[in-house]
$ cat final.txt   # compact mmCIF, C-alpha atoms and all ligand atoms
# COMPACT_ATOMS: atom_id res chain seq x y z
CA MET A 1 99.29 97.00 96.21
CA SER A 2 96.03 98.09 97.71
CA ASN A 3 94.81 101.51 96.69
CA LYS A 4 91.18 100.97 97.63
CA SER A 5 89.23 103.83 99.11
CA ALA A 6 88.92 103.98 102.87
CA THR A 7 85.13 103.84 102.76
CA ALA A 8 83.96 101.34 105.34
CA THR A 9 83.17 97.98 103.81
CA ALA A 10 80.72 96.84 106.42
CA GLU A 11 78.93 93.83 105.00
CA LYS A 12 75.17 93.60 105.20
CA ALA A 13 74.54 92.57 108.76
CA GLU A 14 71.65 90.72 110.35
CA PRO A 15 69.92 92.99 112.89
CA ASP A 16 71.49 91.13 115.82
CA GLN A 17 74.99 91.01 114.31
CA GLN A 18 77.81 93.52 114.52
CA PRO A 19 78.90 94.82 111.10
CA VAL A 20 82.04 93.17 109.79
CA VAL A 21 84.78 95.76 109.58
CA SER A 22 87.52 94.82 107.17
CA ARG A 23 90.07 97.53 107.82
CA PRO A 24 91.36 98.88 111.13
CA SER A 25 91.50 102.38 109.62
CA ASP A 26 87.72 102.31 109.16
CA LEU A 27 87.52 102.66 112.93
CA LEU A 28 89.66 105.80 113.10
CA THR A 29 87.81 108.98 113.99
CA LYS A 30 87.97 112.13 111.92
CA GLU A 31 90.16 113.69 114.62
CA GLU A 32 92.56 110.74 114.55
CA ARG A 33 92.89 110.90 110.78
CA PHE A 34 93.63 114.61 111.01
CA GLU A 35 96.22 113.90 113.70
CA MET A 36 97.93 111.43 111.37
CA TRP A 37 98.11 114.13 108.71
CA MET A 38 99.69 116.52 111.20
CA GLN A 39 102.21 113.84 112.14
CA LEU A 40 103.16 113.44 108.47
CA TYR A 41 103.92 117.16 108.37
CA LEU A 42 105.94 116.85 111.57
CA ALA A 43 108.10 114.05 110.17
CA ARG A 44 108.59 115.95 106.89
CA TYR A 45 109.43 119.20 108.66
CA PHE A 46 112.10 117.48 110.75
CA ASP A 47 113.79 116.46 107.51
CA VAL A 48 113.36 119.75 105.67
CA ARG A 49 114.55 121.76 108.64
CA LEU A 50 117.66 119.68 109.30
CA ILE A 51 118.73 119.95 105.68
CA LYS A 52 118.27 123.73 105.91
CA GLU A 53 120.21 123.88 109.18
CA LYS A 54 123.07 121.99 107.60
CA LYS A 55 123.09 124.27 104.57
CA ARG A 56 123.17 127.27 106.89
CA GLY A 57 126.26 125.77 108.55
CA ARG A 58 124.58 125.31 111.94
CA LEU A 59 124.68 121.51 111.80
CA ARG A 60 127.33 118.98 110.87
CA GLY A 61 127.33 115.27 110.15
CA THR A 62 125.52 113.05 107.69
CA LEU A 63 121.74 113.23 107.34
CA TYR A 64 119.64 110.23 106.29
CA SER A 65 116.46 111.61 104.86
CA SER A 66 113.04 110.10 105.56
CA HIS A 67 111.51 112.39 102.90
CA ASN A 68 108.74 110.51 101.04
CA GLN A 69 108.77 107.66 103.61
CA GLU A 70 106.89 109.43 106.42
CA ALA A 71 103.69 107.42 105.96
CA ILE A 72 105.60 104.32 107.06
CA ILE A 73 106.70 105.96 110.30
CA VAL A 74 103.33 107.50 111.14
CA GLY A 75 101.15 104.62 109.93
CA SER A 76 103.16 102.01 111.82
CA LEU A 77 103.43 103.92 115.12
CA PHE A 78 99.90 105.24 115.32
CA GLY A 79 98.12 102.09 116.49
CA LEU A 80 100.73 100.85 118.95
CA LYS A 81 100.24 100.68 122.69
CA PRO A 82 102.61 103.02 124.56
CA THR A 83 104.23 99.92 126.09
CA ASP A 84 105.07 98.34 122.74
CA TRP A 85 108.69 98.36 121.60
CA ILE A 86 110.20 99.71 118.40
CA SER A 87 113.61 99.48 116.74
CA PRO A 88 114.02 102.28 114.18
CA ILE A 89 116.99 102.58 111.83
CA HIS A 90 118.81 105.44 110.12
CA ARG A 91 115.90 106.19 107.79
CA ASP A 92 113.37 106.58 110.65
CA MET A 93 114.91 109.30 112.80
CA PRO A 94 111.54 110.98 113.55
CA ALA A 95 110.27 107.66 114.98
CA PHE A 96 112.44 108.15 118.07
CA PHE A 97 110.38 111.17 119.15
CA MET A 98 107.12 110.18 117.47
CA LYS A 99 106.75 106.91 119.37
CA ASP A 100 103.67 107.30 121.58
CA ILE A 101 103.24 110.93 120.45
CA ARG A 102 99.57 110.10 120.27
CA SER A 103 99.58 110.36 124.07
CA GLY A 104 100.17 114.09 123.56
CA TRP A 105 102.87 116.04 121.77
CA GLU A 106 103.60 117.92 124.98
CA ASN A 107 103.12 114.96 127.32
CA ASN A 108 106.42 114.47 129.16
CA ASP A 109 105.28 111.09 130.49
CA ARG A 110 104.76 109.47 127.12
CA ILE A 111 106.83 106.39 126.34
CA GLY A 112 108.95 107.85 123.57
CA MET A 113 111.96 110.16 123.42
CA SER A 114 111.45 113.91 123.48
CA VAL A 115 112.07 116.04 120.41
CA GLU A 116 114.69 117.91 122.48
CA GLU A 117 116.66 114.73 123.17
CA VAL A 118 116.55 113.69 119.53
CA CYS A 119 117.61 117.12 118.26
CA ALA A 120 120.45 117.17 120.81
CA GLN A 121 121.51 113.81 119.40
CA VAL A 122 121.55 115.15 115.86
CA TRP A 123 123.57 118.16 117.00
CA GLY A 124 125.96 115.94 118.97
CA LYS A 125 125.46 117.73 122.29
CA VAL A 126 125.86 116.75 125.91
CA ASP A 127 122.11 116.43 126.54
CA SER A 128 121.72 113.79 123.87
CA PRO A 129 121.24 110.11 124.71
CA GLY A 130 124.57 109.33 123.02
CA ARG A 131 126.40 112.28 124.68
CA ALA A 132 127.90 113.26 121.31
CA ARG A 133 129.44 109.87 120.59
CA ASP A 134 127.48 109.83 117.36
CA ASN A 135 125.22 112.38 115.76
CA TRP A 136 122.51 110.19 114.27
CA SER A 137 120.46 107.12 115.06
CA HIS A 138 122.71 105.02 117.29
CA ILE A 139 120.51 105.55 120.29
CA GLY A 140 117.82 103.75 122.22
CA SER A 141 116.14 103.73 125.59
CA ARG A 142 115.04 100.81 127.70
CA SER A 143 112.58 102.95 129.68
CA LYS A 144 111.08 104.38 126.46
CA ARG A 145 111.02 100.91 124.93
CA ILE A 146 113.19 101.77 121.96
CA ILE A 147 115.78 99.15 121.02
CA HIS A 148 119.17 100.70 120.33
CA SER A 149 119.73 101.24 116.65
CA THR A 150 122.73 99.65 114.98
CA SER A 151 124.40 100.09 111.60
CA MET A 152 124.47 96.34 111.03
CA LEU A 153 121.68 95.73 108.55
CA ALA A 154 118.91 93.56 110.08
CA GLY A 155 120.90 93.55 113.30
CA THR A 156 117.99 94.56 115.47
CA ILE A 157 115.67 91.72 114.44
CA PRO A 158 117.36 89.11 116.67
CA VAL A 159 117.40 91.66 119.50
CA ALA A 160 113.71 92.29 118.92
CA ALA A 161 113.07 88.56 119.10
CA GLY A 162 114.90 88.44 122.42
CA VAL A 163 113.00 91.43 123.79
CA ALA A 164 109.71 89.87 122.70
CA TYR A 165 110.63 86.54 124.25
CA ALA A 166 111.62 88.15 127.55
CA ASP A 167 108.43 90.18 127.64
CA ARG A 168 106.35 87.10 127.02
CA LEU A 169 108.14 85.17 129.78
CA ASN A 170 107.42 88.11 132.09
CA GLY A 171 103.71 87.93 131.27
CA GLY A 172 103.67 91.06 129.08
CA ASP A 173 101.61 91.61 125.95
CA SER A 174 104.04 93.88 124.08
CA VAL A 175 104.61 93.75 120.38
CA VAL A 176 108.01 94.69 118.94
CA ILE A 177 108.22 96.51 115.61
CA THR A 178 111.52 96.44 113.74
CA TYR A 179 112.25 98.71 110.79
CA ASN A 180 114.55 97.58 107.99
CA GLY A 181 115.42 98.69 104.49
CA GLU A 182 114.92 96.17 101.71
CA GLY A 183 118.72 96.09 101.68
CA SER A 184 118.50 94.13 104.95
CA THR A 185 116.48 91.30 103.53
CA ALA A 186 119.34 89.42 101.86
CA GLN A 187 121.32 89.33 105.12
CA GLY A 188 121.66 85.94 106.78
CA ILE A 189 120.62 87.34 110.14
CA PHE A 190 117.33 88.60 108.66
CA HIS A 191 116.35 85.01 107.89
CA GLU A 192 117.78 83.46 111.05
CA ALA A 193 116.06 85.93 113.33
CA ILE A 194 112.65 85.78 111.65
CA ASN A 195 112.86 82.01 111.54
CA TYR A 196 113.54 81.99 115.29
CA ALA A 197 110.61 84.34 115.92
CA ALA A 198 108.35 82.18 113.75
CA VAL A 199 109.32 78.93 115.48
CA HIS A 200 108.61 80.48 118.90
CA LYS A 201 105.59 82.48 117.71
CA LEU A 202 107.12 85.70 119.03
CA PRO A 203 105.26 88.99 118.63
CA VAL A 204 107.76 90.61 116.25
CA VAL A 205 106.60 92.65 113.27
CA THR A 206 109.34 93.17 110.70
CA ILE A 207 108.66 96.21 108.57
CA VAL A 208 110.54 96.36 105.29
CA GLU A 209 110.79 99.87 103.91
CA ASN A 210 111.19 98.90 100.29
CA ASN A 211 112.38 102.18 98.81
CA GLN A 212 113.75 100.36 95.74
CA TRP A 213 117.41 101.18 96.41
CA ALA A 214 119.97 99.83 98.88
CA TYR A 215 122.68 102.45 98.59
CA GLY A 216 123.39 102.02 94.84
CA THR A 217 121.88 98.54 94.43
CA PRO A 218 118.38 98.29 92.92
CA VAL A 219 115.91 95.95 94.60
CA GLU A 220 115.86 93.47 91.72
CA LEU A 221 119.52 92.70 92.45
CA GLU A 222 118.64 92.16 96.10
CA CYS A 223 115.51 90.06 96.02
CA PRO A 224 114.43 87.51 93.37
CA THR A 225 110.69 87.44 94.23
CA PRO A 226 108.15 90.03 93.02
CA ASP A 227 107.48 91.21 96.57
CA VAL A 228 109.98 91.20 99.41
CA ALA A 229 107.03 90.10 101.56
CA ASP A 230 107.09 86.79 99.65
CA ARG A 231 110.02 85.84 101.84
CA ALA A 232 107.50 85.30 104.65
CA LYS A 233 106.25 82.11 102.96
CA GLY A 234 109.49 80.35 103.85
CA PHE A 235 108.82 80.96 107.53
CA GLY A 236 105.11 80.09 107.41
CA ILE A 237 104.12 83.56 108.56
CA PRO A 238 101.98 86.32 107.01
CA GLY A 239 103.69 88.58 104.49
CA LEU A 240 101.69 91.74 103.87
CA VAL A 241 102.28 94.43 101.26
CA ALA A 242 101.34 98.02 102.02
CA ASP A 243 101.25 101.09 99.85
CA GLY A 244 103.99 102.97 101.66
CA GLN A 245 102.73 106.32 100.38
CA ASP A 246 99.33 105.84 102.00
CA VAL A 247 99.41 106.27 105.76
CA PHE A 248 96.07 104.51 106.17
CA ASP A 249 97.13 101.47 104.18
CA VAL A 250 100.32 101.21 106.22
CA TYR A 251 98.23 101.53 109.40
CA ASP A 252 95.89 98.77 108.19
CA LYS A 253 98.61 96.28 107.31
CA VAL A 254 100.69 96.98 110.42
CA MET A 255 97.62 96.71 112.67
CA GLN A 256 96.73 93.37 111.10
CA ALA A 257 100.23 92.18 111.89
CA VAL A 258 100.17 93.71 115.38
CA ASN A 259 96.82 92.11 116.21
CA HIS A 260 98.10 88.78 114.89
CA ALA A 261 101.21 89.10 117.06
CA ARG A 262 99.38 90.22 120.19
CA SER A 263 96.95 87.34 119.93
CA GLY A 264 99.88 84.91 120.22
CA SER A 265 99.92 83.88 116.55
CA GLY A 266 103.50 85.01 115.95
CA PRO A 267 105.46 87.31 113.68
CA SER A 268 104.74 88.88 110.29
CA ILE A 269 106.60 90.77 107.62
CA VAL A 270 105.03 93.99 106.38
CA GLU A 271 106.58 95.33 103.21
CA CYS A 272 105.86 99.01 102.61
CA LYS A 273 106.48 99.97 99.00
CA THR A 274 107.95 103.43 98.70
CA PHE A 275 110.76 105.32 97.01
CA ARG A 276 113.95 106.81 98.45
CA ALA A 277 113.69 110.48 97.53
CA TYR A 278 117.41 111.24 97.90
CA GLY A 279 120.69 109.35 98.16
CA HIS A 280 121.43 106.86 100.93
CA GLY A 281 122.67 109.79 103.01
CA ASP A 282 123.28 113.38 102.00
CA HIS A 283 126.93 112.45 101.28
CA ASP A 284 125.50 110.24 98.50
CA ASP A 285 123.10 112.70 96.85
CA ASP A 286 125.28 113.63 93.89
CA ARG A 287 126.13 110.03 93.17
CA ALA A 288 122.51 108.93 93.57
CA ALA A 289 121.53 111.41 90.89
CA ARG A 290 123.82 109.54 88.51
CA TYR A 291 123.10 105.91 89.35
CA ARG A 292 119.32 106.34 89.34
CA PRO A 293 117.45 107.15 86.11
CA GLU A 294 115.91 110.61 86.33
CA ASP A 295 112.45 109.52 85.20
CA GLU A 296 112.39 106.88 87.93
CA VAL A 297 113.23 109.48 90.56
CA VAL A 298 110.59 111.91 89.29
CA GLN A 299 107.97 109.16 89.25
CA GLY A 300 109.06 107.79 92.63
CA ARG A 301 108.62 111.16 94.28
CA GLY A 302 105.34 111.73 92.48
CA ARG A 303 102.95 110.33 95.10
CA ASP A 304 103.82 112.35 98.15
CA PRO A 305 102.36 110.84 101.36
CA ILE A 306 101.22 114.26 102.59
CA ALA A 307 99.21 114.80 99.39
CA VAL A 308 97.83 111.26 99.40
CA CYS A 309 96.60 111.76 102.95
CA ARG A 310 95.13 115.19 102.21
CA GLN A 311 93.24 113.76 99.25
CA ARG A 312 91.77 111.05 101.47
CA LEU A 313 90.68 113.58 104.10
CA LEU A 314 89.02 115.68 101.40
CA GLU A 315 87.20 112.64 99.98
CA LEU A 316 85.97 111.66 103.42
CA GLY A 317 84.78 115.21 104.10
CA ASP A 318 87.11 115.47 107.12
CA ILE A 319 88.49 118.73 105.75
CA GLY A 320 86.99 121.29 103.40
CA SER A 321 88.34 122.67 100.14
CA ASP A 322 89.93 125.54 102.12
CA PHE A 323 92.53 122.97 103.21
CA ALA A 324 93.39 122.00 99.64
CA GLU A 325 95.76 124.95 99.26
CA LYS A 326 96.88 125.09 102.86
CA TRP A 327 100.33 123.82 103.87
CA VAL A 328 101.44 122.66 100.43
CA ALA A 329 104.66 120.94 101.47
CA GLU A 330 104.38 118.07 99.06
CA GLY A 331 106.66 117.82 96.09
CA LYS A 332 108.96 120.48 97.52
CA SER A 333 112.61 119.86 98.23
CA ALA A 334 114.11 121.18 101.44
CA SER A 335 115.36 124.31 99.66
CA GLU A 336 111.92 125.00 98.14
CA ALA A 337 109.80 124.41 101.25
CA THR A 338 109.27 127.26 103.72
CA ASN A 339 107.74 127.42 107.19
CA GLU A 340 104.46 128.62 105.62
CA ASP A 341 104.13 125.19 103.98
CA PHE A 342 103.73 123.59 107.40
CA PRO A 343 101.20 123.88 110.23
CA GLU A 344 102.33 126.41 112.84
CA LYS A 345 102.08 123.79 115.56
CA VAL A 346 104.63 121.64 113.71
CA VAL A 347 107.12 124.49 113.23
CA GLU A 348 106.82 125.56 116.87
CA TYR A 349 107.28 122.03 118.11
CA LEU A 350 110.47 121.48 116.20
CA ASN A 351 111.78 124.96 117.00
CA LYS A 352 111.74 124.00 120.67
CA GLY A 353 113.76 120.88 119.96
CA ILE A 354 116.29 122.76 117.83
CA ASP A 355 116.63 125.68 120.26
CA PHE A 356 117.33 123.17 123.02
CA ALA A 357 119.96 121.38 120.94
CA VAL A 358 121.72 124.56 119.84
CA ALA A 359 121.84 125.87 123.42
CA SER A 360 123.10 122.57 124.81
CA ALA A 361 126.85 122.33 125.46
CA LEU A 362 129.43 120.06 123.91
CA PRO A 363 130.51 117.36 126.35
CA PRO A 364 133.85 117.89 128.13
CA ALA A 365 136.79 116.47 126.21
CA GLU A 366 137.69 114.18 129.17
CA GLU A 367 134.58 112.16 128.40
CA GLY A 368 136.12 110.97 125.17
CA GLY A 369 137.75 107.90 126.67
CA MET A 370 134.96 107.07 129.09
CA TRP A 371 132.42 104.26 128.81
CA VAL A 372 134.36 102.42 126.18
CA PHE A 373 134.86 99.56 128.61
CA TYR A 374 132.60 98.46 131.42
CA GLU A 375 133.15 100.68 134.44
CA GLY A 376 130.74 99.11 136.89
CA GLY A 377 127.10 99.82 137.67
CA SER A 378 124.20 99.21 135.34
CA LYS A 379 121.87 101.33 133.31
C1 LIG A 401 125.64 93.87 107.77
C2 LIG A 401 125.92 95.09 106.91
N1 LIG A 401 126.45 94.94 105.69
C3 LIG A 401 126.71 96.05 104.92
C4 LIG A 401 126.48 97.29 105.40
C5 LIG A 401 126.81 98.52 104.54
N2 LIG A 401 125.60 99.24 104.15
C6 LIG A 401 125.21 100.35 104.77
S1 LIG A 401 123.78 100.94 104.17
C7 LIG A 401 123.68 99.73 103.02
C8 LIG A 401 122.50 99.64 102.09
C9 LIG A 401 121.23 99.67 102.87
O1 LIG A 401 120.15 99.55 102.02
P1 LIG A 401 118.69 99.68 102.56
O2 LIG A 401 118.54 98.80 103.75
O3 LIG A 401 117.74 99.45 101.44
O4 LIG A 401 118.67 101.13 103.10
P2 LIG A 401 118.37 102.54 102.37
O5 LIG A 401 119.58 102.94 101.62
O6 LIG A 401 117.21 102.36 101.49
O7 LIG A 401 118.09 103.40 103.53
C10 LIG A 401 124.75 98.86 103.12
C11 LIG A 401 124.97 97.68 102.27
C12 LIG A 401 125.94 97.39 106.70
N3 LIG A 401 125.65 98.57 107.26
N4 LIG A 401 125.66 96.29 107.44
MG MG A 402 116.44 100.76 100.51
$ encode --input "final.txt" --output "structure tokens"
Amino acid sequence: MSNKSATATAEKAEPDQQPVVSRPSDLLTKEERFEMWMQLYLARYFDVRLIKEKKRGRLRGTLYSSHNQEAIIVGSLFGLKPTDWISPIHRDMPAFFMKDIRSGWENNDRIGMSVEEVCAQVWGKVDSPGRARDNWSHIGSRSKRIIHSTSMLAGTIPVAAGVAYADRLNGGDSVVITYNGEGSTAQGIFHEAINYAAVHKLPVVTIVENNQWAYGTPVELECPTPDVADRAKGFGIPGLVADGQDVFDVYDKVMQAVNHARSGSGPSIVECKTFRAYGHGDHDDDRAARYRPEDEVVQGRGRDPIAVCRQRLLELGDIGSDFAEKWVAEGKSASEATNEDFPEKVVEYLNKGIDFAVASALPPAEEGGMWVFYEGGSK
């Protein structure tokens, strides 16, 4: 796993040569790096706040926490073109509203869902994309270029291959990013779909969020090779390993894969090594505390992506020491963290989404039987 510093490694250049830049993140500006840090807080706050809302009794349904895995969401989305496609899963709920957020948090024209829509989905309200048919990630949007999420592990990779193929036939240059837990990688469809993408050199980047646990199964009972990314060798495609706690390392590895895909060279697997902070869902938290050794959990939560990013910004001189004690959200569970641990902008942004969701109505009961079968028209 690469933990090298982000200092530019420009090789000694002849006067008439451009310096060789080895990492895409070396080209990020100070403002962009700071924006990535803010986005980490936003993803974390979404999680913290929803857990609080549920504890307060204002929210029902199962939550699938992305706590400790935010660098994967932010680092993978940050370098995409607005027109690229993504297929998030249960663990990536913030990705639905953070896709293309770089075009402006308040930009209504960006090609990603709004925080209001996503909160309405979580609350199961009429203004949600799923109109209360589900309260979590089973949503998508063709216009926002988000492939509908499914519960079938690895089930979106073949869809991603199809979307990529169609886009290529239509003369597009889109890349499709699929997100999967390491628990997806022993599924037959994982292999079939990546094989298909490799044979046809389709621009599909398969991200594996290796958080060490698939429900109650540890990764060593899921995958026999040291790195899940080793599976790429069988398809003749690149298999990259990123430090999933380091947003800049994730960005680097995903951008390498994205550039490879966009240039017509085909798919890649990017394994992001991380650790699942809680149970599979909050219904599993008590059990997870028993099937996972305590020291492993403490260690796994020990490198918080928010702190890793802050440290990097301090080293680079992007922020001063006054920021060292500001917004200390890292290492805090949802019950420990307060609004003061987060930038005001983040709290306000999410408040708008939650206020919208709470105020939104439940759908009329008559809708219950609708849209189960095809009723004509197209969407
Ligand atoms: C095809 C398929 N088989 C089994 C399941 C049941 N299932 C739901 S979650 C899960 C484990 C997922 O592990 P991982 O992908 O690592 O996700 P994480 O728990 O880390 O979010 C399983 C086996 C499923 N959803 N789909
Ligand atoms: Mg897992």
$ residues_around --input "final.txt" --residues "segment 254-262 of chain A" --least-positions-apart "2" --cutoff "9 Å" --atoms "all atoms listed in the file" --output "PyMOL selection string"
chain A and resi 23-25+75-77+79-80+173-177+201-205+207+238-240+242+249-252+264-270
$ closest_residue --input "final.txt" --among "A:Gly104, A:Gly162, A:Gly300, A:Pro343" --to "Tyr41 of chain A" --atoms "only C-alpha atoms"
A:Pro343
$ residues_near_ligand --input "final.txt" --ligand "ligand LIG 401 (chain A)" --cutoff "6 Å" --atoms "all atoms listed in the file" --output "PyMOL selection string"
chain A and resi 91+151-153+180-184+211+213-215+280
$ closest_residue --input "final.txt" --among "A:Glu31, A:Asp100, A:Asp47, A:Glu271" --to "ligand MG 402 (chain A)" --atoms "only C-alpha atoms and all ligand atoms"
A:Glu271
$ atom_distance --input "final.txt" --atom1 "atom CA of Asn135 of chain A" --atom2 "atom CA of Ile189 of chain A"
26.1 Å
$ closest_residue --input "final.txt" --among "A:Gly281, A:Gly188, A:Gly368, A:Gly171" --to "ligand MG 402 (chain A)" --atoms "all atoms listed in the file"
A:Gly281
$ atom_distance --input "final.txt" --atom1 "atom CA of Lys54 of chain A" --atom2 "atom CA of His283 of chain A"
12.1 Å
